[in-house]
Structure formats: C-alpha cells, structure tokens
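> A single structure is presented below for examination.
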Amino acid sequence: MHRLPLILVAALLVTNVTACASGGGGGGGGGDADGGPTTVDSGPREDGGTTRRDASTGTCGEGQHACGGGCIDDLPNEPANGCRLGCGEACPAPPGMGTTICNAAGGCDFECTPPFHRDGDACVCVARTCEEMGAMCGAPDDGCGTPLDCGTCGAGGSCIDGRCACAPDASEPNESHTTVSSRGTYADSDDPDFAITMVNLDDDRDEDWFRYEITDSNTDNAVITVTLDDIPAGSDYRLAAYYDCGSDPDLTTCTAGTADNMVGRGCTSDAAGTASETVTLDTDCDRFLSSNDSGALFVRVTSSTFGGSCENYSVQIRVR
C-alpha cells in the first residue's frame, strides 16, 4: 500500500475545514454565524378572521381598524363587542336612564329613555309641579316617573284627571249671559229682597249667570245691591253684576266694587278667600223724555280659586 506524503494529508484537511466555515457544501440548511437557526418573517396569516396584523405603516386595510397597536377586522356593529370599531370588549355602561347603542360611525354611544333626554353625557328629566300641570288633586306623574301629591277635593267633589268636579246644579246650563233664561221680574219700589240658593260651581272653569228683569216704578233711579255669601272653605269666588238698559244712553254707574262693563255697565268684587263679595249699581238709562230706568240685571259668579267643594253658595239681591 502506498502512503500519501504527510504534507499532502495536512493540506487536504485545511481545505475541508475552510469549505465548512464558509457555508459551502450541499445538502442541509445552513446556520447563522453562532450556530443557531435563522428566523424568517413571512407576514400574517390571511385566514379571514380577526387576526391581528402589523399596523406599523400607520394605516389598516379596508374592512379593518386599529386596535392595540395592530389591525383587526371590523366587528359586528353591536354594543356587546364594542361596536364595529371596538376591540371585542362590551361598550361601557350608559348613564342612569340610558341605553347603550352603536352610533352610525361604529363607535359606542347611548340614548336616553323617555321622558329623560340627553344633556351632554347625562340623561336628565325636568320634573313638573302640580301647578305646572294644572292638577288640583290626585297623584299624577311628575313627568319623570315620580307620582305627585296634588291634594284632595272638598266636600262632595270627585277628582277626574287631576281636576275636582261636582254634579251640575239645577240652574245649569247657565254659562253665558246670551243664553241664560230670565228668573223673574222685580220692581224697585215694593218688592222685597230676593236670593239665589241651591247653586254651586261645577269646577274651576264653571261660570254661573243669572238674569232678572228690573222695573223702574218711581221717579228715582233704581239702586241695585248684590251680595255673594257662603263661599265654600278653600275656595275664593268672584262676583259681578251688570245692568243693561237695552238701548243707549246707558249711564249706570258702579258705586261699590270695581267698574266692569263686560255687559252694559257693571261692577265686580274679588275679596280674598271666603269673605263676602258686594257690588252696587246706580242705574240710569236716561231715555229721552222719560225717567224710566227699567232694564235687565245680570249676575255672574266665577272662581279665582276653586277648592273642589260642591257646597252651595248664595246670592242676595236688593232693588231700591
């Protein structure tokens, strides 16, 4: 057997070591300089799910949005997952009387439950009082879900839709001077005083009108005094009396009360509370070549405060 010279063997060993160090040689995958495996980034998987993608470019693709430093697919537009542009967590709880919703832009929002309305980031409701609602009795809602205590009706009154009401008296209907019927004729010389009784106001909007024919049977002008009494407790009624000569001139004057010429010439009285109301008229029709002051007397009773009582009031009339 021939032996290679020692120097040739050494040269061959040096050549092989150099080739391995330079990555030469076929077959298996190479390694990095420190012997570890080389890592190659092949990008995100395109699997159609909510896979987080690199957002280092500052923008996300169509149908995606930024979330936690990356991009995710847009979500169903539902509050349970933070709406379309959320990150999978439910929207925060709404204020007080609110309901969580997703707005048109795909973000979390809220709307208020009526009668509450939105004021900035809060749901608010302005409660109303009994007076503001025109309620004089019962327990109506204040407009914000809380019942009020608007009181009760007086004797015999019934609370209907927040208003006290009474059964109409026998004189109804008598809501206007143009439709009320005459209750009789009285002379200014010999007839005694007369009264209106067994009458009441039905509710706070009721008007009671009464008409009488007055005959002037002497040379002096007829002087008429009307008094309202027996106003129910808790109420405040007004009294008015008017004299209509039927033709001009009508020079009737108000000598007790406040002048009020709604019908012909007249007076009103509006004392406080249940105090009696009194008016006086000095009639003067001043007809040509005649001293006859005959005419029609109208009496009107209304309320400035209706306490809800159905008790009767009374009116006394004196003609002299």
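Letters A, B, ... mark the chains of the structure tokens in the order given; residue numbers begin at 1 per chain; ligand numbers begin at 1, in order shown.
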DSSP says alpha helix (DSSP H) for which residues of stretch 77-289 of chain A? Put them as a PDB file with C-alpha atoms, in the first residue's frame?

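Just written: part-v1.pdb:
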ATOM      1  CA  CYS A 130     -98.934  70.145  40.236  1.00  0.00           C
ATOM      2  CA  GLU A 131     -99.386  73.822  39.350  1.00  0.00           C
ATOM      3  CA  GLU A 132     -97.450  73.490  36.105  1.00  0.00           C
ATOM      4  CA  MET A 133     -99.632  70.550  35.069  1.00  0.00           C
TER       5      MET A 133
END
> Name the residues in contact with A:Asp142 at a cut-off of 7 Å, using only C-alpha atoms, excluding same-chain residues fewer than 4 positions from it; report them as a PDB file with C-alpha atoms, in the first residue's frame.

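Writing done, so here's part-v7.pdb:
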ATOM      1  CA  ALA A 127     -89.898  67.277  36.879  1.00  0.00           C
ATOM      2  CA  ARG A 128     -93.104  69.330  36.741  1.00  0.00           C
ATOM      3  CA  THR A 129     -95.193  70.528  39.662  1.00  0.00           C
ATOM      4  CA  THR A 146     -92.466  60.021  40.296  1.00  0.00           C
ATOM      5  CA  PRO A 147     -96.085  60.471  41.498  1.00  0.00           C
ATOM      6  CA  LEU A 148     -97.023  63.843  42.972  1.00  0.00           C
TER       7      LEU A 148
END
> Residues within 7 Å of stretch 204-208 of chain A, please, as a list in words. Count only C-alpha atoms; anything in the same chain fewer than 3 positions from it doesn't count.
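Answer for this query is Asn174, Glu175, Leu201, Arg300, Val301, Thr302, Ser303 and Phe306 of chain A.
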> Give me the residues within 12 Å of A:Pro249 as a PyMOL selection string, counting only C-alpha atoms and dropping any in the same chain fewer than 5 places off.
chain A and resi 244+264-265+283-288+293
> Take the residues just selected and output them with N, CA, C and O atoms as a PDB file, in the first residue's frame.

ATOM      1  N   ASP A 244    -128.191  96.314  31.986  1.00  0.00           N
ATOM      2  CA  ASP A 244    -128.315  96.593  30.560  1.00  0.00           C
ATOM      3  C   ASP A 244    -129.631  97.309  30.305  1.00  0.00           C
ATOM      4  O   ASP A 244    -130.704  96.724  30.466  1.00  0.00           O
ATOM      5  N   GLY A 264    -123.320  95.778  29.224  1.00  0.00           N
ATOM      6  CA  GLY A 264    -123.871  97.068  29.652  1.00  0.00           C
ATOM      7  C   GLY A 264    -122.890  97.791  30.556  1.00  0.00           C
ATOM      8  O   GLY A 264    -121.728  97.982  30.216  1.00  0.00           O
ATOM      9  N   ARG A 265    -123.351  98.175  31.761  1.00  0.00           N
ATOM     10  CA  ARG A 265    -122.495  98.810  32.775  1.00  0.00           C
ATOM     11  C   ARG A 265    -122.543  97.960  34.030  1.00  0.00           C
ATOM     12  O   ARG A 265    -123.621  97.497  34.435  1.00  0.00           O
ATOM     13  N   THR A 283    -128.533 102.632  38.664  1.00  0.00           N
ATOM     14  CA  THR A 283    -128.970 102.551  37.274  1.00  0.00           C
ATOM     15  C   THR A 283    -129.399 103.915  36.749  1.00  0.00           C
ATOM     16  O   THR A 283    -129.941 104.746  37.471  1.00  0.00           O
ATOM     17  N   ASP A 284    -129.141 104.127  35.473  1.00  0.00           N
ATOM     18  CA  ASP A 284    -129.532 105.391  34.828  1.00  0.00           C
ATOM     19  C   ASP A 284    -129.541 105.159  33.327  1.00  0.00           C
ATOM     20  O   ASP A 284    -128.518 105.199  32.654  1.00  0.00           O
ATOM     21  N   CYS A 285    -130.774 104.961  32.815  1.00  0.00           N
ATOM     22  CA  CYS A 285    -130.894 104.727  31.383  1.00  0.00           C
ATOM     23  C   CYS A 285    -131.133 106.020  30.606  1.00  0.00           C
ATOM     24  O   CYS A 285    -130.904 106.058  29.383  1.00  0.00           O
ATOM     25  N   ASP A 286    -131.617 107.073  31.299  1.00  0.00           N
ATOM     26  CA  ASP A 286    -131.722 108.415  30.737  1.00  0.00           C
ATOM     27  C   ASP A 286    -132.382 108.430  29.361  1.00  0.00           C
ATOM     28  O   ASP A 286    -131.874 109.014  28.411  1.00  0.00           O
ATOM     29  N   ARG A 287    -133.515 107.739  29.255  1.00  0.00           N
ATOM     30  CA  ARG A 287    -134.214 107.732  27.985  1.00  0.00           C
ATOM     31  C   ARG A 287    -134.820 109.109  27.685  1.00  0.00           C
ATOM     32  O   ARG A 287    -135.226 109.836  28.579  1.00  0.00           O
ATOM     33  N   PHE A 288    -134.939 109.438  26.431  1.00  0.00           N
ATOM     34  CA  PHE A 288    -135.430 110.750  26.005  1.00  0.00           C
ATOM     35  C   PHE A 288    -136.863 110.960  26.480  1.00  0.00           C
ATOM     36  O   PHE A 288    -137.734 110.122  26.253  1.00  0.00           O
ATOM     37  N   ASP A 293    -136.027 103.826  34.098  1.00  0.00           N
ATOM     38  CA  ASP A 293    -134.712 103.178  34.093  1.00  0.00           C
ATOM     39  C   ASP A 293    -134.826 101.660  34.115  1.00  0.00           C
ATOM     40  O   ASP A 293    -133.933 100.962  34.606  1.00  0.00           O
TER      41      ASP A 293
END
> Here is a test: counting only C-alpha atoms, which residue of A:Gly61, A:Pro168, A:Gly145, A:Gly68 is nearest to A:Phe116?
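Of A:Gly61, A:Pro168, A:Gly145, A:Gly68, the one nearest A:Phe116 is A:Gly145, counting only C-alpha atoms.
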> Which residues, written as an NGL selection string, have at least one atom at most 12 Å from stretch 270-272 of chain A, with only C-alpha atoms counted and residues fewer than 3 positions away on the same chain left out?
:A and (227-229 or 231 or 233-240 or 256-258 or 267 or 275-279 or 301-305)
> I need the residue nearest A:Pro94 from this list: A:Asp230, A:Asp121, A:Asp74, A:Glu311. Use only C-alpha atoms for the distance.
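Residue with the minimum atom-to-atom distance to A:Pro94: A:Asp121.
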> For a quick check of understanding, using only C-alpha atoms, which of A:Val180, A:Cys83, A:Ala135, A:Cys144 has the smallest distance to A:Asp161?
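Ranking A:Val180, A:Cys83, A:Ala135, A:Cys144 by distance to A:Asp161, first place goes to A:Ala135.
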> Counting only C-alpha atoms, which residue out of A:Thr185, A:Pro95, A:Cys67, A:Cys108 sits closest to A:Asn81?
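Smallest distance to A:Asn81 is found for A:Cys108.
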> Please identify the strand (DSSP E or B) residues within stretch 57-217 of chain A (assignment by DSSP from backbone atoms) and present them as a PyMOL selection string.
chain A and resi 64-67+70-73+98-102+108-112+117-119+122-124+141+147+158-160+163-165+182-187+194-199+208-215
> Using atom CA of A:Pro114 and atom CA of A:Thr99 as the two end points, give the distance in Å to one decimal.
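Separation between atom CA of A:Pro114 and atom CA of A:Thr99: 10.8 Å.
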> Which one is closest to A:Cys310: A:Ala170, A:Ala241, A:Ile214, A:Cys153? Count only C-alpha atoms.
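Ranking A:Ala170, A:Ala241, A:Ile214, A:Cys153 by distance to A:Cys310, first place goes to A:Cys153.
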> Closest to A:Phe110 among A:Trp209, A:Met97, A:Ala139, A:Ala66, using only C-alpha atoms?
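Comparing A:Trp209, A:Met97, A:Ala139, A:Ala66 against A:Phe110, the winner is A:Met97.
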> Which distance in Å separates atom CA of A:Val263 and atom CA of A:Asn312, to one decimal?
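Result for atom CA of A:Val263 versus atom CA of A:Asn312: 25.5 Å, one decimal.
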> What is the atom CA of A:Phe210-atom CA of A:Gly134 distance in Å, reported with one decimal?
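For atom CA of A:Phe210 relative to atom CA of A:Gly134, the distance reads 28.5 Å.
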